[in-house]
$ cat target-v2.cif   # mmCIF, C-alpha atoms
data_input
loop_
_atom_site.label_atom_id
_atom_site.label_comp_id
_atom_site.auth_asym_id
_atom_site.auth_seq_id
_atom_site.Cartn_x
_atom_site.Cartn_y
_atom_site.Cartn_z
CA MET A 189 54.30 -78.25 30.54
CA LYS A 190 51.41 -77.20 32.73
CA VAL A 191 48.18 -79.02 31.90
CA VAL A 192 44.69 -78.46 33.32
CA ILE A 193 42.31 -81.40 32.93
CA MET A 194 38.59 -80.94 33.50
CA GLY A 195 36.81 -84.14 34.46
CA CYS A 196 38.36 -86.91 36.51
CA GLY A 197 36.51 -89.86 35.07
CA ARG A 198 38.34 -92.90 33.72
CA VAL A 199 39.83 -91.02 30.81
CA GLY A 200 40.64 -87.88 32.77
CA ALA A 201 42.30 -89.81 35.59
CA GLN A 202 44.29 -91.98 33.21
CA LEU A 203 45.44 -88.99 31.19
CA ALA A 204 46.40 -87.17 34.38
CA SER A 205 48.49 -90.08 35.56
CA LEU A 206 50.20 -90.48 32.16
CA LEU A 207 51.08 -86.79 31.93
CA ASP A 208 52.22 -86.78 35.55
CA ALA A 209 54.49 -89.76 34.86
CA ASP A 210 55.92 -87.85 31.89
CA GLY A 211 56.97 -85.12 34.29
CA HIS A 212 54.33 -82.50 33.48
CA GLU A 213 52.60 -80.30 36.01
CA VAL A 214 49.01 -81.60 36.10
CA ILE A 215 45.90 -80.10 37.72
CA VAL A 216 42.66 -82.12 37.57
CA VAL A 217 39.35 -80.37 38.22
CA ASP A 218 36.15 -82.26 39.05
CA ASN A 219 32.99 -81.36 40.94
CA ASP A 220 32.83 -84.71 42.72
CA THR A 221 35.50 -85.62 45.30
CA ASN A 222 34.81 -89.31 44.82
CA SER A 223 36.13 -89.15 41.28
CA PHE A 224 39.60 -88.31 42.59
CA LYS A 225 39.79 -91.86 43.95
CA ARG A 226 40.52 -92.89 40.39
CA LEU A 227 43.90 -91.14 40.53
CA PRO A 228 46.84 -93.44 41.34
CA HIS A 229 48.31 -93.30 44.85
CA ASP A 230 51.58 -91.89 43.59
CA PHE A 231 49.91 -89.09 41.58
CA GLY A 232 52.12 -86.04 41.96
CA GLY A 233 49.73 -83.46 40.50
CA THR A 234 46.92 -81.44 42.06
CA ALA A 235 43.27 -82.44 42.41
CA LEU A 236 40.95 -79.46 42.62
CA LEU A 237 37.29 -79.68 43.60
CA GLY A 238 35.04 -77.33 41.66
CA ASN A 239 32.97 -76.59 38.60
CA GLY A 240 35.22 -76.31 35.57
CA LEU A 241 32.78 -73.95 33.86
CA ASP A 242 33.39 -71.38 36.58
CA GLU A 243 36.12 -68.94 35.58
CA GLU A 244 37.17 -68.48 39.21
CA VAL A 245 37.71 -72.22 39.59
CA LEU A 246 39.69 -72.30 36.37
CA LYS A 247 41.84 -69.41 37.58
CA LYS A 248 42.45 -71.27 40.81
CA ALA A 249 43.53 -74.23 38.73
CA GLY A 250 46.09 -71.95 37.13
CA ILE A 251 44.54 -71.82 33.67
CA GLU A 252 46.11 -68.39 33.09
CA GLU A 253 49.59 -69.94 32.97
CA ALA A 254 48.53 -73.31 31.52
CA ASP A 255 50.09 -74.57 28.32
CA ALA A 256 47.27 -76.98 27.64
CA PHE A 257 43.65 -77.58 28.65
CA VAL A 258 41.70 -80.82 28.21
CA ALA A 259 37.93 -81.15 28.77
CA VAL A 260 36.81 -84.75 29.32
CA THR A 261 33.67 -84.63 31.49
CA GLN A 262 30.67 -86.81 30.67
CA GLY A 263 28.78 -83.90 29.10
CA ASP A 264 29.51 -82.93 25.51
CA ASN A 265 28.16 -79.45 26.04
CA ARG A 266 30.13 -78.93 29.22
CA ASN A 267 33.29 -79.93 27.39
CA VAL A 268 32.49 -77.67 24.46
CA MET A 269 31.82 -74.70 26.70
CA ALA A 270 34.85 -75.24 28.94
CA ALA A 271 37.10 -75.63 25.90
CA GLN A 272 35.80 -72.38 24.44
CA ILE A 273 36.35 -70.57 27.76
CA ALA A 274 39.94 -71.87 27.82
CA LYS A 275 40.55 -70.91 24.20
CA HIS A 276 38.74 -67.58 23.91
CA ILE A 277 38.84 -66.12 27.43
CA PHE A 278 42.15 -67.47 28.73
CA ASN A 279 43.96 -67.95 25.40
CA VAL A 280 45.39 -71.33 26.40
CA PRO A 281 47.72 -72.34 23.52
CA LYS A 282 46.55 -75.97 23.30
CA VAL A 283 42.93 -76.90 23.95
CA VAL A 284 41.45 -80.34 23.32
CA CYS A 285 38.00 -81.63 24.22
CA ARG A 286 35.94 -84.77 23.92
CA ILE A 287 32.61 -84.71 22.10
CA TYR A 288 30.74 -88.03 21.94
CA ASP A 289 28.25 -86.82 19.34
CA PRO A 290 30.00 -87.09 15.93
CA LEU A 291 27.84 -84.37 14.34
CA ARG A 292 28.62 -81.91 17.09
CA GLN A 293 32.28 -82.86 16.89
CA GLU A 294 32.32 -82.12 13.17
CA LEU A 295 30.73 -78.72 13.70
CA TYR A 296 33.12 -77.63 16.44
CA ASP A 297 36.04 -78.95 14.46
CA MET A 298 34.89 -76.62 11.69
CA LEU A 299 34.73 -73.77 14.21
CA GLY A 300 38.38 -74.32 15.04
CA LEU A 301 38.06 -76.30 18.23
CA GLU A 302 40.24 -79.38 18.56
CA ALA A 303 37.56 -81.95 19.35
CA ILE A 304 37.83 -85.71 19.46
CA SER A 305 34.82 -87.97 19.07
CA PRO A 306 35.49 -91.32 20.78
CA THR A 307 32.36 -92.62 19.06
CA THR A 308 33.81 -92.12 15.60
CA ILE A 309 37.27 -93.36 16.53
CA PHE A 310 36.01 -96.45 18.32
CA ALA A 311 33.62 -97.34 15.53
CA GLN A 312 36.45 -97.09 13.01
CA LEU A 313 38.65 -99.20 15.21
CA LEU A 314 35.95 -101.84 15.50
CA ARG A 315 35.45 -101.83 11.76
CA GLU A 316 39.15 -102.43 11.20
CA ARG A 317 39.09 -105.35 13.64
CA VAL A 318 36.00 -106.84 12.08
CA GLU A 319 37.23 -106.49 8.52
CA SER A 320 40.78 -107.72 9.14
CA MET B 95 8.01 -65.43 12.11
CA TYR B 96 9.18 -68.98 12.71
CA ILE B 97 10.65 -69.22 16.20
CA ILE B 98 12.22 -72.29 17.78
CA VAL B 99 12.32 -72.52 21.56
CA ILE B 100 14.69 -74.99 23.26
CA GLY B 101 13.73 -76.17 26.73
CA GLY B 102 10.21 -76.77 28.01
CA GLY B 103 10.65 -75.59 31.58
CA ARG B 104 8.64 -72.73 32.98
CA VAL B 105 10.41 -70.09 30.93
CA GLY B 106 10.11 -72.13 27.72
CA TYR B 107 6.45 -72.91 28.36
CA TYR B 108 5.36 -69.32 29.00
CA LEU B 109 7.54 -67.98 26.21
CA THR B 110 5.98 -70.42 23.74
CA LYS B 111 2.50 -69.53 24.94
CA GLU B 112 3.22 -65.81 24.60
CA LEU B 113 4.71 -66.14 21.13
CA LEU B 114 1.79 -68.27 19.95
CA ASN B 115 -0.61 -65.61 21.22
CA GLU B 116 1.26 -63.05 19.19
CA GLY B 117 0.58 -65.16 16.11
CA HIS B 118 4.04 -66.56 15.49
CA GLU B 119 4.80 -70.04 14.26
CA VAL B 120 6.47 -71.61 17.29
CA LEU B 121 8.11 -74.95 17.87
CA LEU B 122 9.33 -76.12 21.25
CA ILE B 123 12.01 -78.79 21.69
CA GLU B 124 12.03 -80.61 25.02
CA LYS B 125 14.03 -83.69 26.06
CA ASN B 126 11.54 -85.09 28.54
CA ALA B 127 8.71 -87.00 26.81
CA VAL B 128 6.23 -86.54 29.67
CA ILE B 129 6.73 -82.76 29.80
CA CYS B 130 6.47 -82.69 26.03
CA GLN B 131 3.13 -84.46 26.11
CA THR B 132 1.72 -82.14 28.78
CA ILE B 133 2.71 -79.09 26.76
CA ASP B 134 1.18 -80.56 23.60
CA GLU B 135 -2.08 -81.12 25.46
CA GLU B 136 -2.14 -77.58 26.78
CA LEU B 137 -0.85 -75.56 23.85
CA GLY B 138 -1.68 -77.78 20.86
CA SER B 139 0.90 -79.75 18.93
CA VAL B 140 3.88 -77.46 19.35
CA CYS B 141 6.37 -79.68 21.12
CA VAL B 142 8.90 -82.05 19.59
CA GLN B 143 10.63 -84.47 21.93
CA GLY B 144 14.38 -84.41 21.42
CA ASP B 145 17.73 -82.84 22.18
CA GLY B 146 17.83 -79.28 20.93
CA CYS B 147 21.63 -79.36 20.82
CA GLU B 148 21.63 -82.18 18.30
CA ALA B 149 21.94 -81.19 14.70
CA SER B 150 19.67 -84.06 13.60
CA THR B 151 16.81 -82.86 15.82
CA LEU B 152 17.24 -79.31 14.60
CA ALA B 153 17.28 -80.49 10.99
CA GLU B 154 14.06 -82.42 11.57
CA VAL B 155 12.17 -79.32 12.68
CA GLY B 156 13.36 -77.21 9.76
CA THR B 157 15.75 -74.98 11.66
CA GLY B 158 17.15 -73.79 8.34
CA ARG B 159 14.10 -71.60 7.82
CA ALA B 160 13.81 -70.37 11.43
CA ASP B 161 14.04 -66.62 12.01
CA ILE B 162 14.95 -66.89 15.68
CA LEU B 163 16.13 -69.62 18.03
CA VAL B 164 15.76 -69.07 21.75
CA ALA B 165 17.50 -71.49 24.13
CA VAL B 166 16.05 -71.34 27.64
CA THR B 167 17.02 -74.59 29.33
CA GLY B 168 18.37 -74.36 32.86
CA ASP B 169 21.93 -75.13 31.77
CA ASP B 170 24.15 -72.45 30.29
CA GLU B 171 26.26 -74.96 28.40
CA ASP B 172 23.23 -76.49 26.69
CA ASN B 173 21.93 -73.08 25.71
CA LEU B 174 25.32 -72.14 24.31
CA VAL B 175 25.63 -75.25 22.18
CA ALA B 176 22.04 -75.08 20.90
CA CYS B 177 22.63 -71.50 19.77
CA GLN B 178 26.00 -72.28 18.22
CA VAL B 179 24.64 -75.24 16.27
CA ALA B 180 21.69 -73.13 15.09
CA LYS B 181 23.92 -70.25 14.14
CA HIS B 182 26.73 -72.10 12.39
CA LYS B 183 25.04 -75.16 10.95
CA PHE B 184 21.63 -73.72 10.13
CA LYS B 185 22.47 -70.03 9.68
CA VAL B 186 19.65 -68.89 11.96
CA PRO B 187 19.79 -65.07 11.81
CA ARG B 188 19.11 -64.45 15.49
CA THR B 189 19.97 -66.64 18.47
CA ILE B 190 19.07 -65.79 22.04
CA ALA B 191 20.36 -67.67 25.08
CA ARG B 192 19.26 -67.66 28.67
CA ILE B 193 22.19 -67.68 31.08
CA ARG B 194 22.34 -68.37 34.77
CA ASN B 195 25.90 -67.34 35.52
CA PRO B 196 26.19 -63.62 34.70
CA ARG B 197 29.90 -64.16 33.94
CA ASN B 198 28.97 -66.12 30.85
CA GLU B 199 27.60 -63.02 29.17
CA VAL B 200 31.06 -62.05 27.92
CA LEU B 201 31.85 -65.52 26.64
CA PHE B 202 28.54 -65.93 24.82
CA LYS B 203 28.93 -62.56 23.16
CA LYS B 204 32.47 -63.44 22.10
CA LEU B 205 31.22 -66.70 20.61
CA GLY B 206 28.66 -64.94 18.44
CA ILE B 207 25.41 -65.51 20.33
CA ASP B 208 23.28 -62.52 19.34
CA ALA B 209 21.69 -61.85 22.71
CA THR B 210 21.75 -63.21 26.22
CA VAL B 211 19.33 -62.84 29.09
CA SER B 212 20.83 -63.39 32.49
CA THR B 213 18.08 -64.48 34.84
CA THR B 214 20.35 -63.98 37.86
CA THR B 215 21.12 -60.40 36.87
CA LEU B 216 17.44 -59.66 36.24
CA ILE B 217 16.40 -60.93 39.64
CA LEU B 218 19.20 -59.00 41.36
CA GLU B 219 18.24 -55.80 39.57
CA HIS B 220 14.63 -56.18 40.61
CA ILE B 221 15.54 -56.81 44.22
CA GLU B 222 17.86 -53.78 44.13
CA GLU B 223 14.96 -51.68 42.93
CA LEU B 224 12.92 -52.79 45.92
CA MET B 225 15.63 -51.78 48.38
CA PRO B 226 14.98 -48.14 49.19
CA SER B 227 18.42 -47.61 50.68
CA HIS B 228 20.32 -48.78 47.65
CA PRO B 229 22.31 -45.80 46.38
CA LEU B 230 22.30 -46.78 42.72
CA THR B 231 19.76 -48.90 40.88
CA HIS B 232 20.18 -50.36 37.42
CA LEU B 233 17.10 -49.72 35.37
CA LEU B 234 18.12 -50.81 31.89
CA MET B 235 21.13 -52.07 30.00
CA ILE B 236 21.65 -50.89 26.44
CA ARG B 237 23.96 -53.77 25.67
CA ASP B 238 25.08 -53.15 22.12
CA LYS B 239 26.05 -49.56 23.02
CA GLY B 240 27.74 -50.45 26.31
CA LEU B 241 25.50 -48.04 28.20
CA GLU B 242 23.11 -48.35 31.10
CA ILE B 243 20.33 -46.30 32.59
CA VAL B 244 20.55 -45.99 36.36
CA GLU B 245 18.71 -44.28 39.15
CA VAL B 246 20.40 -42.52 42.05
CA LYS B 247 18.43 -41.30 45.05
CA ILE B 248 19.69 -38.11 46.66
CA SER B 249 19.63 -38.79 50.38
CA PRO B 250 19.08 -35.91 52.85
CA GLU B 251 22.63 -36.43 54.18
CA SER B 252 24.11 -36.14 50.71
CA ALA B 253 26.59 -33.29 50.22
CA THR B 254 24.99 -32.46 46.88
CA VAL B 255 21.67 -31.31 48.36
CA GLY B 256 21.31 -27.63 47.43
CA LYS B 257 23.99 -27.84 44.76
CA ALA B 258 23.43 -27.03 41.10
CA VAL B 259 24.11 -29.68 38.46
CA ARG B 260 27.02 -27.62 37.08
CA GLU B 261 28.79 -27.83 40.45
CA LEU B 262 28.88 -31.63 40.35
CA SER B 263 32.00 -33.35 39.12
CA LEU B 264 30.26 -35.80 36.85
CA PRO B 265 32.30 -38.31 34.85
CA SER B 266 32.33 -37.42 31.15
CA GLU B 267 30.66 -40.69 30.15
CA SER B 268 27.60 -39.96 32.30
CA ILE B 269 24.63 -37.79 31.43
CA LEU B 270 21.87 -36.80 33.82
CA ALA B 271 18.64 -37.41 31.95
CA LEU B 272 15.84 -36.71 34.38
CA VAL B 273 15.15 -35.54 37.92
CA ILE B 274 12.01 -36.91 39.53
CA ARG B 275 10.74 -34.96 42.51
CA LYS B 276 7.85 -35.74 44.83
CA GLU B 277 4.52 -34.30 43.66
CA GLN B 278 6.11 -32.50 40.72
CA LYS B 279 6.49 -33.10 37.04
CA PRO B 280 9.80 -34.73 36.11
CA ILE B 281 12.49 -32.17 35.26
CA VAL B 282 15.06 -32.44 32.48
CA PRO B 283 18.08 -31.22 34.43
CA ALA B 284 19.82 -28.04 33.22
CA PRO B 285 23.20 -26.82 34.52
CA ASP B 286 21.39 -24.57 37.02
CA THR B 287 18.98 -27.22 38.32
CA VAL B 288 19.47 -27.44 42.08
CA LEU B 289 19.29 -30.90 43.63
CA GLN B 290 16.98 -31.51 46.57
CA ALA B 291 16.82 -34.25 49.15
CA GLU B 292 14.79 -37.27 47.98
CA ASP B 293 15.29 -36.41 44.30
CA GLN B 294 15.46 -39.44 42.05
CA VAL B 295 18.06 -38.79 39.40
CA ILE B 296 17.91 -40.90 36.25
CA ALA B 297 21.21 -41.00 34.39
CA VAL B 298 22.77 -42.65 31.35
CA THR B 299 26.28 -43.96 31.96
CA THR B 300 28.87 -46.52 30.96
CA PRO B 301 29.23 -49.34 33.51
CA GLU B 302 32.83 -48.21 34.11
CA SER B 303 31.77 -44.70 35.17
CA GLU B 304 28.98 -45.94 37.41
CA GLU B 305 31.01 -45.63 40.60
CA ALA B 306 32.25 -42.13 39.75
CA LEU B 307 28.70 -41.04 38.93
CA ARG B 308 27.41 -42.35 42.24
CA ALA B 309 30.18 -40.56 44.11
CA ALA B 310 29.52 -37.29 42.24
CA LEU B 311 25.82 -37.40 43.10
CA ARG B 312 26.42 -38.20 46.73
CA GLY B 313 29.08 -35.54 46.96
CA ALA B 314 31.34 -37.95 48.78
#
$ encode --input "target-v2.cif" --output "structure tokens"
Amino acid sequence: MKVVIMGCGRVGAQLASLLDADGHEVIVVDNDTNSFKRLPHDFGGTALLGNGLDEEVLKKAGIEEADAFVAVTQGDNRNVMAAQIAKHIFNVPKVVCRIYDPLRQELYDMLGLEAISPTTIFAQLLRERVES
Amino acid sequence: MYIIVIGGGRVGYYLTKELLNEGHEVLLIEKNAVICQTIDEELGSVCVQGDGCEASTLAEVGTGRADILVAVTGDDEDNLVACQVAKHKFKVPRTIARIRNPRNEVLFKKLGIDATVSTTTLILEHIEELMPSHPLTHLLMIRDKGLEIVEVKISPESATVGKAVRELSLPSESILALVIRKEQKPIVPAPDTVLQAEDQVIAVTTPESEEALRAALRGA
């Protein structure tokens, strides 16, 4: 599978390395070269410097042939917009994005975007731990 | 009308001021508390400090009864989300977004934003207008019809000088609307209108036929 990941923060880098280890073709896009330092030394995928909201950058990342796109930058709105570009402009079959704000996540979920809110999930997890 | 403006930068500030002058009920949402306070002092209590992309902020200011929401922050992604939240959560009938990257126009339209204003495109068009040598100038986009109004200057070297309109091989999607000639009244071109050097031809065309229209008028 070919996967484009936008955002090479802790989550993006970790996901990239996991997918790479599973044998997938991984391309990570970030607009800060320093963030690529988070990738492991044996990372076999591609790190691409650029703005993931720019269609040209996404094309360079190979989004046109990608099987999946993941948006995990720090900005909810950036993730939402990138995910919608991937889904509606490039028709990527699998698109997932992170939205910290639970209300926004609910809305975009309703609009058919696969969005995960770490806030909601982590709070639930903490509740389970506390109550157990 | 009740109009909500997102983003208290220069565009947001002057837009709010203008709309207030026109007698509308206007509310401005700005993240930065200091900017918010300055605007309140200058324009009266019109500014609410908060994130215009957040549903809770929008609920607070009664977005459900807004007629129009205009998002004019400097970030395309913020403007997109503010408009989408307004549109889908609060059913605002008309949402308008400012965009910086002209490429986003297609995406925003696809995602149901009612109108976009591309500041980059506007500035480029204005600069084009000021360049006398530019062969084709965009005057106006009629977006919902996919048409544009353009101006083509007939240069003295052009092969169409002295030719009648009927002799031009104009693309079928283009119509010549007006010929403006120095020290004369504008002419509505007829098939036998003969083009002269320095004529300004105003035409209606689809963006796709623009190049063919330019070539036909230059006689290249």
$ closest_residue --input "target-v2.cif" --among "B:Asn195, B:Thr167, B:Thr299, B:Ser263" --to "chain A" --atoms "all atoms listed in the file"
B:Asn195
$ interface_residues --input "target-v2.cif" --of "chain B" --to "chain A" --cutoff "7 Å" --atoms "only C-alpha atoms" --output "mmCIF file with C-alpha atoms, keeping the file's coordinate frame"
data_model
loop_
_atom_site.group_PDB
_atom_site.id
_atom_site.type_symbol
_atom_site.label_atom_id
_atom_site.label_comp_id
_atom_site.auth_asym_id
_atom_site.auth_seq_id
_atom_site.Cartn_x
_atom_site.Cartn_y
_atom_site.Cartn_z
ATOM 1 C CA ALA B 149 21.940 -81.190 14.700
ATOM 2 C CA GLU B 171 26.260 -74.960 28.400
ATOM 3 C CA ASP B 172 23.230 -76.490 26.690
ATOM 4 C CA VAL B 175 25.630 -75.250 22.180
ATOM 5 C CA LEU B 201 31.850 -65.520 26.640
#
$ closest_residue --input "target-v2.cif" --among "B:Leu137, B:Val120, B:Val186, B:Val166" --to "Gly102 (chain B)" --atoms "all atoms listed in the file"
B:Val166
$ resolve_selection --input "target-v2.cif" --expression "the PyMOL selection byres ((chain B and resi 218-221) around 12)" --output "PyMOL selection string"
chain B and resi 194+196+212-217+222-228+230-235+243-245
$ write_last_selection --input "target-v2.cif" --atoms "C-alpha atoms" --output "PDB file, in the coordinates of the input"
ATOM      1  CA  ARG B 194      22.340 -68.370  34.770  1.00  0.00           C
ATOM      2  CA  PRO B 196      26.190 -63.620  34.700  1.00  0.00           C
ATOM      3  CA  SER B 212      20.830 -63.390  32.490  1.00  0.00           C
ATOM      4  CA  THR B 213      18.080 -64.480  34.840  1.00  0.00           C
ATOM      5  CA  THR B 214      20.350 -63.980  37.860  1.00  0.00           C
ATOM      6  CA  THR B 215      21.120 -60.400  36.870  1.00  0.00           C
ATOM      7  CA  LEU B 216      17.440 -59.660  36.240  1.00  0.00           C
ATOM      8  CA  ILE B 217      16.400 -60.930  39.640  1.00  0.00           C
ATOM      9  CA  GLU B 222      17.860 -53.780  44.130  1.00  0.00           C
ATOM     10  CA  GLU B 223      14.960 -51.680  42.930  1.00  0.00           C
ATOM     11  CA  LEU B 224      12.920 -52.790  45.920  1.00  0.00           C
ATOM     12  CA  MET B 225      15.630 -51.780  48.380  1.00  0.00           C
ATOM     13  CA  PRO B 226      14.980 -48.140  49.190  1.00  0.00           C
ATOM     14  CA  SER B 227      18.420 -47.610  50.680  1.00  0.00           C
ATOM     15  CA  HIS B 228      20.320 -48.780  47.650  1.00  0.00           C
ATOM     16  CA  LEU B 230      22.300 -46.780  42.720  1.00  0.00           C
ATOM     17  CA  THR B 231      19.760 -48.900  40.880  1.00  0.00           C
ATOM     18  CA  HIS B 232      20.180 -50.360  37.420  1.00  0.00           C
ATOM     19  CA  LEU B 233      17.100 -49.720  35.370  1.00  0.00           C
ATOM     20  CA  LEU B 234      18.120 -50.810  31.890  1.00  0.00           C
ATOM     21  CA  MET B 235      21.130 -52.070  30.000  1.00  0.00           C
ATOM     22  CA  ILE B 243      20.330 -46.300  32.590  1.00  0.00           C
ATOM     23  CA  VAL B 244      20.550 -45.990  36.360  1.00  0.00           C
ATOM     24  CA  GLU B 245      18.710 -44.280  39.150  1.00  0.00           C
TER      25      GLU B 245
END
$ atom_distance --input "target-v2.cif" --atom1 "CA of Leu307 (chain B)" --atom2 "CA of Lys247 (chain B)"
12.0 Å
$ closest_residue --input "target-v2.cif" --among "B:Val259, B:Ile236, B:Leu264, B:Ala291" --to "Ala310 (chain B)" --atoms "only C-alpha atoms"
B:Leu264
$ atom_distance --input "target-v2.cif" --atom1 "CA of Glu302 (chain B)" --atom2 "CA of Ala271 (chain B)"
18.0 Å
$ resolve_selection --input "target-v2.cif" --expression "the PyMOL selection byres ((chain A and resi 254) around 8)" --output "list of chain:residue names"
A:Met189, A:Lys190, A:Val191, A:Val192, A:Gly250, A:Ile251, A:Glu252, A:Glu253, A:Asp255, A:Ala256, A:Phe257, A:Val280
$ resolve_selection --input "target-v2.cif" --expression "the PyMOL selection byres ((chain A and resi 199-216) around 9)" --output "PyMOL selection string"
chain A and resi 189-198+217-218+223-228+230-237+249-250+258-261
$ atom_distance --input "target-v2.cif" --atom1 "CA of Gly313 (chain B)" --atom2 "CA of Leu241 (chain B)"
22.8 Å
$ axis_aligned_box --input "target-v2.cif" --around "region 288-296 of chain A" --padding-each-side "5 Å" --output "AutoDock Vina command-line options"
--center_x 30.5 --center_y -82.8 --center_z 17.6 --size_x 15.3 --size_y 20.4 --size_z 18.8
$ residues_around --input "target-v2.cif" --residues "Ile133 (chain B)" --least-positions-apart "4" --cutoff "12 Å" --atoms "only C-alpha atoms" --output "list in words"
Gly101, Gly102, Gly103, Arg104, Gly106, Tyr107, Tyr108, Thr110, Lys111, Leu121, Leu122, Ile123, Glu124, Asn126, Ala127, Val128, Ile129, Leu137, Gly138, Ser139, Val140, Cys141, Val142 and Gln143 of chain B
$ closest_residue --input "target-v2.cif" --among "A:Glu316, A:Asp297, A:Ala303, A:Lys248" --to "Val284 (chain A)" --atoms "all atoms listed in the file"
A:Ala303
$ residues_around --input "target-v2.cif" --residues "Phe202 (chain B)" --least-positions-apart "2" --cutoff "10 Å" --atoms "only C-alpha atoms" --output "list in words"
Met269, Gln272 and Ile273 of chain A; Asp170, Glu171, Asn173, Leu174, Cys177, Gln178, Ile190, Ala191, Ile193, Arg197, Asn198, Glu199, Val200, Lys204, Leu205, Gly206, Ile207, Asp208, Ala209 and Thr210 of chain B
$ residues_around --input "target-v2.cif" --residues "Arg188 (chain B)" --least-positions-apart "4" --cutoff "12 Å" --atoms "only C-alpha atoms" --output "compact mmCIF listing (two decimals) with C-alpha atoms, keeping the file's coordinate frame"
# COMPACT_ATOMS: atom_id res chain seq x y z
CA MET B 95 8.01 -65.43 12.11
CA TYR B 96 9.18 -68.98 12.71
CA ILE B 97 10.65 -69.22 16.20
CA ILE B 98 12.22 -72.29 17.78
CA THR B 157 15.75 -74.98 11.66
CA GLY B 158 17.15 -73.79 8.34
CA ARG B 159 14.10 -71.60 7.82
CA ALA B 160 13.81 -70.37 11.43
CA ASP B 161 14.04 -66.62 12.01
CA ILE B 162 14.95 -66.89 15.68
CA LEU B 163 16.13 -69.62 18.03
CA VAL B 164 15.76 -69.07 21.75
CA ALA B 165 17.50 -71.49 24.13
CA CYS B 177 22.63 -71.50 19.77
CA GLN B 178 26.00 -72.28 18.22
CA ALA B 180 21.69 -73.13 15.09
CA LYS B 181 23.92 -70.25 14.14
CA HIS B 182 26.73 -72.10 12.39
CA PHE B 184 21.63 -73.72 10.13
CA GLY B 206 28.66 -64.94 18.44
CA ILE B 207 25.41 -65.51 20.33
CA ASP B 208 23.28 -62.52 19.34
CA ALA B 209 21.69 -61.85 22.71
CA THR B 210 21.75 -63.21 26.22
$ closest_residue --input "target-v2.cif" --among "B:Ser303, B:Gly117, B:Lys257, B:Ala153" --to "Lys185 (chain B)" --atoms "all atoms listed in the file"
B:Ala153
